[in-house]
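Q: Data: protein.cif, mmCIF, C-alpha atoms.
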```cif
data_query
#
loop_
_atom_site.group_PDB
_atom_site.id
_atom_site.type_symbol
_atom_site.label_atom_id
_atom_site.label_comp_id
_atom_site.auth_asym_id
_atom_site.auth_seq_id
_atom_site.Cartn_x
_atom_site.Cartn_y
_atom_site.Cartn_z
ATOM 1 C CA MET A 1 88.359 76.942 104.357
ATOM 2 C CA SER A 2 90.322 79.015 106.796
ATOM 3 C CA THR A 3 88.604 82.139 108.019
ATOM 4 C CA SER A 4 91.882 83.952 108.611
ATOM 5 C CA LEU A 5 94.183 85.115 105.864
ATOM 6 C CA SER A 6 97.778 86.182 105.947
ATOM 7 C CA LYS A 7 98.417 89.783 104.909
ATOM 8 C CA LEU A 8 99.840 88.526 101.609
ATOM 9 C CA ASP A 9 96.778 86.352 100.923
ATOM 10 C CA GLU A 10 94.488 89.268 101.735
ATOM 11 C CA GLN A 11 96.373 91.548 99.329
ATOM 12 C CA VAL A 12 96.209 88.939 96.556
ATOM 13 C CA MET A 13 92.456 88.502 97.074
ATOM 14 C CA ARG A 14 91.849 92.260 97.085
ATOM 15 C CA ARG A 15 93.949 92.741 93.932
ATOM 16 C CA SER A 16 92.105 89.970 92.133
ATOM 17 C CA LEU A 17 88.878 91.954 92.532
ATOM 18 C CA GLU A 18 90.487 94.777 90.563
ATOM 19 C CA ARG A 19 90.054 92.601 87.463
ATOM 20 C CA ARG A 20 86.607 93.453 86.135
ATOM 21 C CA GLU A 21 85.876 89.868 85.084
ATOM 22 C CA VAL A 22 86.634 88.559 88.578
ATOM 23 C CA LEU A 23 84.594 91.322 90.184
ATOM 24 C CA LEU A 24 81.545 90.660 87.990
ATOM 25 C CA LEU A 25 81.757 86.906 88.551
ATOM 26 C CA THR A 26 82.037 87.455 92.306
ATOM 27 C CA ILE A 27 78.947 89.665 92.302
ATOM 28 C CA ALA A 28 77.088 86.998 90.307
ATOM 29 C CA GLN A 29 78.211 84.333 92.801
ATOM 30 C CA LEU A 30 77.085 86.443 95.749
ATOM 31 C CA SER A 31 73.714 87.028 94.113
ATOM 32 C CA LYS A 32 73.280 83.333 93.388
ATOM 33 C CA ASP A 33 74.307 82.107 96.834
ATOM 34 C CA LEU A 34 72.249 84.717 98.696
ATOM 35 C CA ASN A 35 69.319 84.363 96.282
ATOM 36 C CA LEU A 36 69.355 88.065 95.399
ATOM 37 C CA ASP A 37 67.817 89.719 92.382
ATOM 38 C CA GLU A 38 70.186 90.955 89.710
ATOM 39 C CA GLY A 39 71.395 94.455 90.482
ATOM 40 C CA VAL A 40 70.985 94.261 94.251
ATOM 41 C CA ILE A 41 74.765 94.070 94.586
ATOM 42 C CA ARG A 42 76.130 96.916 92.508
ATOM 43 C CA VAL A 43 79.560 97.095 90.903
ATOM 44 C CA PRO A 44 81.871 99.124 93.163
ATOM 45 C CA GLU A 45 83.110 102.365 91.647
ATOM 46 C CA ASP A 46 86.640 101.979 93.008
ATOM 47 C CA PRO A 47 88.103 98.549 92.194
ATOM 48 C CA ALA A 48 90.776 99.056 94.849
ATOM 49 C CA GLN A 49 88.005 99.198 97.480
ATOM 50 C CA ALA A 50 85.847 96.449 95.976
ATOM 51 C CA MET A 51 86.309 93.965 98.827
ATOM 52 C CA ASP A 52 85.163 96.473 101.450
ATOM 53 C CA ASP A 53 82.390 97.821 99.240
ATOM 54 C CA LEU A 54 80.991 94.342 98.572
ATOM 55 C CA ARG A 55 81.165 93.484 102.250
ATOM 56 C CA ASP A 56 79.251 96.663 103.105
ATOM 57 C CA GLN A 57 76.586 95.805 100.515
ATOM 58 C CA VAL A 58 76.168 92.256 101.803
ATOM 59 C CA VAL A 59 75.636 93.283 105.453
ATOM 60 C CA PRO A 60 72.043 94.529 104.975
ATOM 61 C CA GLU A 61 71.230 91.469 102.875
ATOM 62 C CA LEU A 62 72.355 89.174 105.692
ATOM 63 C CA GLU A 63 70.388 91.261 108.185
ATOM 64 C CA GLY A 64 67.305 90.896 105.984
ATOM 65 C CA LEU A 65 67.769 87.141 105.825
ATOM 66 C CA ALA A 66 68.183 87.016 109.611
ATOM 67 C CA GLN A 67 64.902 88.908 110.049
ATOM 68 C CA GLN A 68 63.171 86.204 107.997
ATOM 69 C CA GLY A 69 64.353 83.644 110.511
ATOM 70 C CA GLY A 70 67.529 81.928 111.568
ATOM 71 C CA GLN A 71 66.983 78.992 109.237
ATOM 72 C CA VAL A 72 66.724 81.283 106.199
ATOM 73 C CA LEU A 73 70.102 82.825 107.004
ATOM 74 C CA ARG A 74 71.639 79.420 107.768
ATOM 75 C CA SER A 75 70.409 78.091 104.409
ATOM 76 C CA ALA A 76 72.068 81.002 102.625
ATOM 77 C CA LEU A 77 75.319 80.457 104.512
ATOM 78 C CA TYR A 78 75.142 76.769 103.602
ATOM 79 C CA ARG A 79 74.873 77.724 99.900
ATOM 80 C CA VAL A 80 77.853 80.029 100.346
ATOM 81 C CA ASP A 81 79.684 77.026 101.827
ATOM 82 C CA LEU A 82 80.967 78.640 104.988
ATOM 83 C CA PRO A 83 82.529 76.336 107.558
ATOM 84 C CA GLY A 84 80.447 75.651 110.653
ATOM 85 C CA THR A 85 83.237 76.593 113.014
ATOM 86 C CA GLY A 86 83.241 80.299 113.674
ATOM 87 C CA VAL A 87 79.931 80.862 111.923
ATOM 88 C CA ASP A 88 77.831 79.684 114.876
ATOM 89 C CA GLY A 89 79.412 82.235 117.189
ATOM 90 C CA LEU A 90 78.897 85.039 114.688
ATOM 91 C CA LEU A 91 75.276 84.005 114.171
ATOM 92 C CA ALA A 92 74.682 83.932 117.917
ATOM 93 C CA SER A 93 76.207 87.378 118.381
ATOM 94 C CA GLY A 94 74.491 88.847 115.317
ATOM 95 C CA ASP A 95 77.840 89.971 113.890
ATOM 96 C CA HIS A 96 76.633 90.360 110.319
ATOM 97 C CA ARG A 97 79.620 92.499 109.369
ATOM 98 C CA SER A 98 82.070 89.672 110.078
ATOM 99 C CA LEU A 99 79.755 87.159 108.413
ATOM 100 C CA SER A 100 79.574 89.452 105.400
ATOM 101 C CA ALA A 101 83.363 89.521 105.116
ATOM 102 C CA MET A 102 83.417 85.720 105.194
ATOM 103 C CA VAL A 103 80.660 85.491 102.567
ATOM 104 C CA VAL A 104 82.455 87.836 100.160
ATOM 105 C CA LEU A 105 85.752 86.048 100.663
ATOM 106 C CA ARG A 106 84.222 82.618 100.074
ATOM 107 C CA SER A 107 82.415 83.798 96.937
ATOM 108 C CA LEU A 108 85.661 85.232 95.607
ATOM 109 C CA GLN A 109 87.460 81.968 96.397
ATOM 110 C CA LYS A 110 84.860 80.015 94.416
ATOM 111 C CA VAL A 111 85.305 82.322 91.418
ATOM 112 C CA LEU A 112 89.093 82.159 91.507
ATOM 113 C CA THR A 113 89.057 78.367 91.849
ATOM 114 C CA ARG A 114 86.850 78.025 88.776
ATOM 115 C CA LEU A 115 89.023 80.418 86.773
ATOM 116 C CA ARG A 116 92.182 78.547 87.766
ATOM 117 C CA PHE A 117 90.731 75.205 86.709
ATOM 118 C CA LYS A 118 89.781 76.760 83.366
ATOM 119 C CA GLY A 119 93.337 78.078 83.056
ATOM 120 C CA GLU A 120 92.098 81.660 82.935
ATOM 121 C CA PHE A 121 93.733 82.983 86.091
#
```
Would you write the structure of this file as structure tokens?
A:
Amino acid sequence: MSTSLSKLDEQVMRRSLERREVLLLTIAQLSKDLNLDEGVIRVPEDPAQAMDDLRDQVVPELEGLAQQGGQVLRSALYRVDLPGTGVDGLLASGDHRSLSAMVVLRSLQKVLTRLRFKGEF
């Protein structure tokens, strides 16, 4: 998985979150991968801002995992399936905002891949 997106790719990803089904599935994926209780990640009010809103909601969750210990956060990132390259530097610097963006993006990618294989997207 590439951690950088072209502007076109980023727009496509953001627009896909405007579909309620995709948004709800992405929230469910985030909750599953980060081992969060249902309702911790709320549905964004403005679908056009869903990507940023989800990222902002995931930041404190990653910070909480980091406070439990580095291995707890690494386990969560492993479940998310983030690539090792780039993640180590962000973990070392404590850049949870950038990690959060990667987590949301990867969760969305998982959802879209499943929908495409089902022929639903």
Q: I want to know what sits within 12 Å of A:Leu82, based on only C-alpha atoms, with residues of the same chain fewer than 6 positions away left out; could you give that as JSON, numbers by chain?
A: {"A": [1, 2, 3, 33, 73, 74, 75, 76, 88, 90, 99, 100, 101, 102, 103, 104, 105, 106, 107, 109, 110]}
Q: Skipping near chain neighbours, those fewer than 6 positions away, what residues fall within 10 Å of A:Val40 using only C-alpha atoms, listed as a ChimeraX atom specification?
A: /A:27,31,57-58,61
Q: So how many Å separate atom CA of A:Leu108 and atom CA of A:Gly70, to one decimal?
A: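 So the two atoms, atom CA of A:Leu108 and atom CA of A:Gly70, lie 24.4 Å apart.
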Q: At what distance in Å, to one decimal, does atom CA of A:Val59 lie from atom CA of A:Pro47?
A: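 Interatomic distance here is 18.9 Å.
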Q: Which residue out of A:Asn35, A:Thr26, A:Ser16, A:Gln71 has the minimum interatomic distance to A:Leu54 when all atoms listed in the file are used?
A: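 Among the listed residues, A:Thr26 lies closest to A:Leu54.
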Q: So the first atom is atom CA of A:Leu115 and the second is atom CA of A:Leu77; what is the distance between them in Å, to one decimal place?
A: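 The value is 22.4 Å.
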Q: Using only C-alpha atoms, which of the listed residues (A:Val87, A:Leu65, A:Leu23, A:Val72) sits closest to A:Asp46?
A: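 The shortest atom-to-atom distance to A:Asp46 comes from A:Leu23.
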Q: Taking into account all atoms listed in the file, which residue in the set A:Thr113, A:Gln29, A:Gln49, A:Gln11 is nearest to A:Arg79?
A: A:Gln29
